[in-house]
Amino acid sequence: MINDADIPSPQTKLGILHHTIDKLGSSDYVYIGMDHFALPDDDLVTTKKNGTLQRNFQGYSTHGDCDLIGLGVSAIGRIGNAHTQNSTSTSEYETLLSCGSLPIRRGIEVDRDDLLRTDVIQNLMCHDGLNFDDFDSAHGICFKSYFQNELSSLTPLVADGLVCIDDGKIEITGSGRLLMRSVAIVFDRHLQENTNDNRLSKAI
């Protein structure tokens with residue numbers, strides 16, 4: 001119901017992000033990534049520095065890879081390898097609860113490929129890159145072979161100066177950090193399969 005003409009253009013939104021980073025940075029805030037900022041003594045900054053920063057449905061987090069229970073209409077939860085979403089209708093949500101049922105509307109069980117891709121995206125969005133040898137050792141695969149198509153798809157982003165790729169690693173550049181979602185979605189198989197789904201958020 002929002003008039004498209006009232007929404008800032010991608011260029012304007014990127015300019016707003018630049019301005020925000022400059023303003024908050026001049027007030028000692030640290031840019032964690034995406035739309036997250038924190039003061040130097042915040043736990044988010046500590047975990048960013050020591051490599052334990054996590055990202056989940058709600059954004060960046062200091063918590064490890066743990067179960068999440070979604071409470072409320074449309075809330076998303078995760079227990080083990082099962083991801084669930086509660087009903088997006090308030091009336092249905094209340095009806096299910098009143099009947100003694102969990103208000104879960106849908107769910108999926110992630111497979112090994114999903115887990116591999118989750119780890120890639122976590123590394124890119126939390127640590128600005130990943131080391132191929134470390135990833136191979138952790139998962140028992142050859143990253144460059146398994147993700148050959150995705151690495152090829154990153155070529156335009158490399159040309160734009162958003163990503164650096166060599167024989168040993170992928171690194172998101174300073175400019176690329178502003179558009180890291182564009183880098184990460186290359187590895188999201190489900191997002192690539194649903195490029196026409198207008199429910200999905202935009203990179204900018």
# chains A, B, ... in the order shown; residues from 1 in each chain; ligands from 1
$ residues_around --residues "Ser89 (chain A)" --least-positions-apart "4" --cutoff "10 Å" --atoms "only C-alpha atoms" --output "list in words"
Val73, Ser74, Tyr93, Glu94, Thr95, Pro103 and Arg105 of chain A
$ write_last_selection --atoms "N, CA and C atoms" --output "PDB file, in the first residue's frame"
ATOM      1  N   VAL A  73       2.928 -13.505  16.505  1.00  0.00           N
ATOM      2  CA  VAL A  73       2.471 -13.646  15.129  1.00  0.00           C
ATOM      3  C   VAL A  73       3.648 -13.499  14.169  1.00  0.00           C
ATOM      4  N   SER A  74       3.776 -14.438  13.243  1.00  0.00           N
ATOM      5  CA  SER A  74       4.781 -14.498  12.170  1.00  0.00           C
ATOM      6  C   SER A  74       6.207 -14.737  12.664  1.00  0.00           C
ATOM      7  N   TYR A  93      -3.574 -17.332  14.659  1.00  0.00           N
ATOM      8  CA  TYR A  93      -2.617 -17.521  15.748  1.00  0.00           C
ATOM      9  C   TYR A  93      -3.360 -17.739  17.064  1.00  0.00           C
ATOM     10  N   GLU A  94      -4.353 -16.878  17.340  1.00  0.00           N
ATOM     11  CA  GLU A  94      -5.109 -16.979  18.586  1.00  0.00           C
ATOM     12  C   GLU A  94      -5.963 -18.241  18.632  1.00  0.00           C
ATOM     13  N   THR A  95      -6.536 -18.608  17.482  1.00  0.00           N
ATOM     14  CA  THR A  95      -7.364 -19.819  17.421  1.00  0.00           C
ATOM     15  C   THR A  95      -6.550 -21.067  17.717  1.00  0.00           C
ATOM     16  N   PRO A 103       1.155 -22.467  17.365  1.00  0.00           N
ATOM     17  CA  PRO A 103       0.666 -21.630  16.258  1.00  0.00           C
ATOM     18  C   PRO A 103       1.594 -21.631  15.046  1.00  0.00           C
ATOM     19  N   ARG A 105       2.721 -22.219  11.378  1.00  0.00           N
ATOM     20  CA  ARG A 105       2.049 -22.266  10.077  1.00  0.00           C
ATOM     21  C   ARG A 105       2.816 -23.089   9.054  1.00  0.00           C
TER      22      ARG A 105
END
$ residues_around --residues "region 44-52 of chain A" --least-positions-apart "2" --cutoff "12 Å" --atoms "only C-alpha atoms" --output "ChimeraX atom specification"
/A:28-33,36-42,54-55,59-65,122-130
$ closest_residue --among "A:Asp133, A:Ile170, A:Pro156, A:Arg78" --to "Ser182 (chain A)" --atoms "only C-alpha atoms"
A:Pro156
$ select_by_dssp --residues "chain A" --states "strand (DSSP E)" --output "PyMOL selection string"
chain A and resi 30-33+36-38+54-56+59-61+76-79+82-86+104-109+129-131+163-165+169-172
$ closest_residue --among "A:Gln148, A:Gln192, A:Glu109, A:Ile7" --to "Ile79 (chain A)" --atoms "only C-alpha atoms"
A:Glu109
$ select_by_dssp --residues "chain A" --states "helix (DSSP H, G or I)" --output "PyMOL selection string"
chain A and resi 4-6+10-25+43-50+90-98+112-127+132-139+143-146+148-153+155-159+174-177+180-187+189-193
$ residues_around --residues "Ala75 (chain A)" --least-positions-apart "3" --cutoff "12 Å" --atoms "only C-alpha atoms" --output "PyMOL selection string"
chain A and resi 57-58+68-72+78+83-90+93+103-107
$ write_last_selection --atoms "C-alpha atoms" --output "short mmCIF file (atom, residue, chain, number, x, y, z; two decimals), in the first residue's frame"
data_model
loop_
_atom_site.label_atom_id
_atom_site.label_comp_id
_atom_site.auth_asym_id
_atom_site.auth_seq_id
_atom_site.Cartn_x
_atom_site.Cartn_y
_atom_site.Cartn_z
CA PHE A 57 16.69 -13.99 11.90
CA GLN A 58 16.74 -10.91 14.14
CA LEU A 68 15.49 -19.98 18.96
CA ILE A 69 11.83 -20.16 19.94
CA GLY A 70 9.61 -17.76 17.99
CA LEU A 71 6.90 -16.12 20.09
CA GLY A 72 4.17 -14.04 18.48
CA ARG A 78 14.75 -22.72 14.95
CA HIS A 83 13.05 -23.83 10.96
CA THR A 84 9.47 -22.76 11.65
CA GLN A 85 7.27 -19.72 11.17
CA ASN A 86 4.20 -18.95 13.24
CA SER A 87 0.92 -17.98 11.62
CA THR A 88 0.96 -14.51 10.06
CA SER A 89 -2.74 -14.05 10.85
CA THR A 90 -3.59 -12.81 14.35
CA TYR A 93 -2.62 -17.52 15.75
CA PRO A 103 0.67 -21.63 16.26
CA ILE A 104 3.18 -22.86 13.66
CA ARG A 105 2.05 -22.27 10.08
CA ARG A 106 4.94 -23.78 8.16
CA GLY A 107 8.41 -25.22 8.55
#
$ residues_around --residues "Leu157 (chain A)" --least-positions-apart "3" --cutoff "10 Å" --atoms "only C-alpha atoms" --output "ChimeraX atom specification"
/A:153-154,160-164,172,176,179,182-183
$ write_last_selection --atoms "C-alpha atoms" --output "mmCIF file, in the first residue's frame"
data_model
loop_
_atom_site.group_PDB
_atom_site.id
_atom_site.type_symbol
_atom_site.label_atom_id
_atom_site.label_comp_id
_atom_site.auth_asym_id
_atom_site.auth_seq_id
_atom_site.Cartn_x
_atom_site.Cartn_y
_atom_site.Cartn_z
ATOM 1 C CA SER A 153 28.644 -15.374 -10.237
ATOM 2 C CA LEU A 154 30.755 -13.116 -8.022
ATOM 3 C CA ASP A 160 32.913 -3.499 -9.095
ATOM 4 C CA GLY A 161 35.435 -3.641 -6.251
ATOM 5 C CA LEU A 162 33.013 -5.154 -3.743
ATOM 6 C CA VAL A 163 34.823 -8.482 -3.345
ATOM 7 C CA CYS A 164 38.384 -9.767 -3.614
ATOM 8 C CA ILE A 172 34.505 -8.313 1.194
ATOM 9 C CA GLY A 176 31.467 -4.192 -0.328
ATOM 10 C CA LEU A 179 26.374 -4.100 -0.009
ATOM 11 C CA SER A 182 24.423 -8.648 -2.528
ATOM 12 C CA VAL A 183 27.509 -10.788 -1.938
#
$ closest_residue --among "A:Gly25, A:Asn81, A:Asp114, A:Asp136" --to "Leu191 (chain A)" --atoms "only C-alpha atoms"
A:Asp114
$ atom_distance --atom1 "CA of Ile21 (chain A)" --atom2 "CA of Asp166 (chain A)"
28.6 Å
